[in-house]
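To start, the structure itself, in structure tokens.
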Amino acid sequence: MSDRQGHWPHQLSLTLDRLGWRSAQVFQVGIALVVGAVVAAVLLSLDHASWGSALLGGLVAAVPALLTGHVALNLARALAQSGEQRELLCVDDELAGVGNRRQFLRLAERDWARCRRYGDDGAMLLIDADYLRRINDTMGQRCGDAVLLEVTRRVSATLRQSDVLARFGGAVLAVFLPHTDPLGALDAAERIRQQVASTPFRWDKAHLVVTVSVGVAHVHAGQMALEGLIQEAETALLAAKDAGRNCVRAAPIQPRQSDPSRSVAPG
């Protein structure tokens, strides 16, 4: 199966989600009515057809068109959902059970679009394992891989089922938090930081204290695309590193378009 064929259910889901399933259903009913009207008009054009016969013929034609559209819409929904489920099974081989950057971008795009469409809260975290390169150099690559795997496990333990976790690149993990306001995202980031640093990592006879730096950004009206959210999270992550690592830093909190009173002044 080609890449385009394998991902069209996701694109269909995203398109219908932006349009709205209710709007798609209204469109389906409209098509059935048009079909019925066309059939009625054709019957009226016949000399022997009465208004009653034309209306009855239009109704008879509209009903199967409506049923066919209903079945097609439900099939499209099922295909879209199954496509998303297959994407959830696509994982990065280096970190068992954790999605890769490509998968994260697809799922985060879906959730980001829903936040913008419905005015929901949402946030993104970028989590960098501090000094992982130094661990690779001093303890070996296998140790570094084991540390990254354990960091991922500890991060995952703090998340909800609806949250999206993936390896974003190198030693950086990405998390999208749907239905999470800016303060809630800061709380989640701090829980992750504490969870990782709480217990030393064991490697052979060594005990390694590993920490993470976390950058936080939230969905707001000024972002024209998911890329804007990612850039803000990357900037916040750099600020956490510049502050000495093992800390959380957040992008400035901007008001949402649907609720401008929710702006938060910098502390």
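Every chain in the structure tokens takes a letter, A first, then B, and so on in the order presented; its residues are numbered from 1, and the ligands are numbered from 1 following the presented order.
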Would you kindly return, as a PyMOL selection string, each protein, DNA or RNA residue with an atom no farther than 10 Å from any atom of Phe104 (chain A), considering only C-alpha atoms and excluding same-chain residues fewer than 3 positions away?
chain A and resi 87-88+98-101+107-110+164-168+174-176
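Interatomic distance, CA of Val248 (chain A) to CA of Arg153 (chain A): 19.1 Å.
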Let me make sure I understand: among A:Glu190, A:Asp163, A:Asp137, A:Asp128, which one has the smallest atom-to-atom distance to Ala233 (chain A) if we use only C-alpha atoms?
A:Asp128
For Leu173 (chain A), the nearest of the candidates A:Ala250, A:Val151, A:Val196, A:Val29, counting only C-alpha atoms:
A:Val151
For region 215-232 of chain A, work out the shell of residues within 10 Å, counting only C-alpha atoms and skipping chain neighbours fewer than 2 positions away, then give it as a VMD selection string.
chain A and resid 105 108 to 113 115 to 116 119 to 128 174 to 178 180 to 183 185 to 186 188 to 189 213 234 to 241 247 to 260
Residues flagged strand (DSSP E or B) by DSSP in region 176-252 of chain A, as a PyMOL selection string:
chain A and resi 176-178+201-203+206-208+212-218+248-250
So the first atom is CA of Ala171 (chain A) and the second is CA of Asp145 (chain A); what is the distance between them in Å, to one decimal place?
9.4 Å
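Residues within 10 Å of Val147 (chain A), counting only C-alpha atoms and excluding same-chain residues fewer than 6 positions away, are A:Ala129, A:Leu132, A:Ile135, A:Asn136, A:Gln141, A:Arg153, A:Ala171, A:Phe201, A:Arg202, A:Trp203, A:Leu208, A:Val210.
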Once DSSP has gone over the backbone, tell me which residues of region 116-263 of chain A are in alpha helix (DSSP H), as number ranges by chain.
A: 116-118, 132-139, 141-157, 182-197, 226-242
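Taking CA of Met139 (chain A) and CA of Ala197 (chain A) as endpoints, the distance between them is 18.7 Å.
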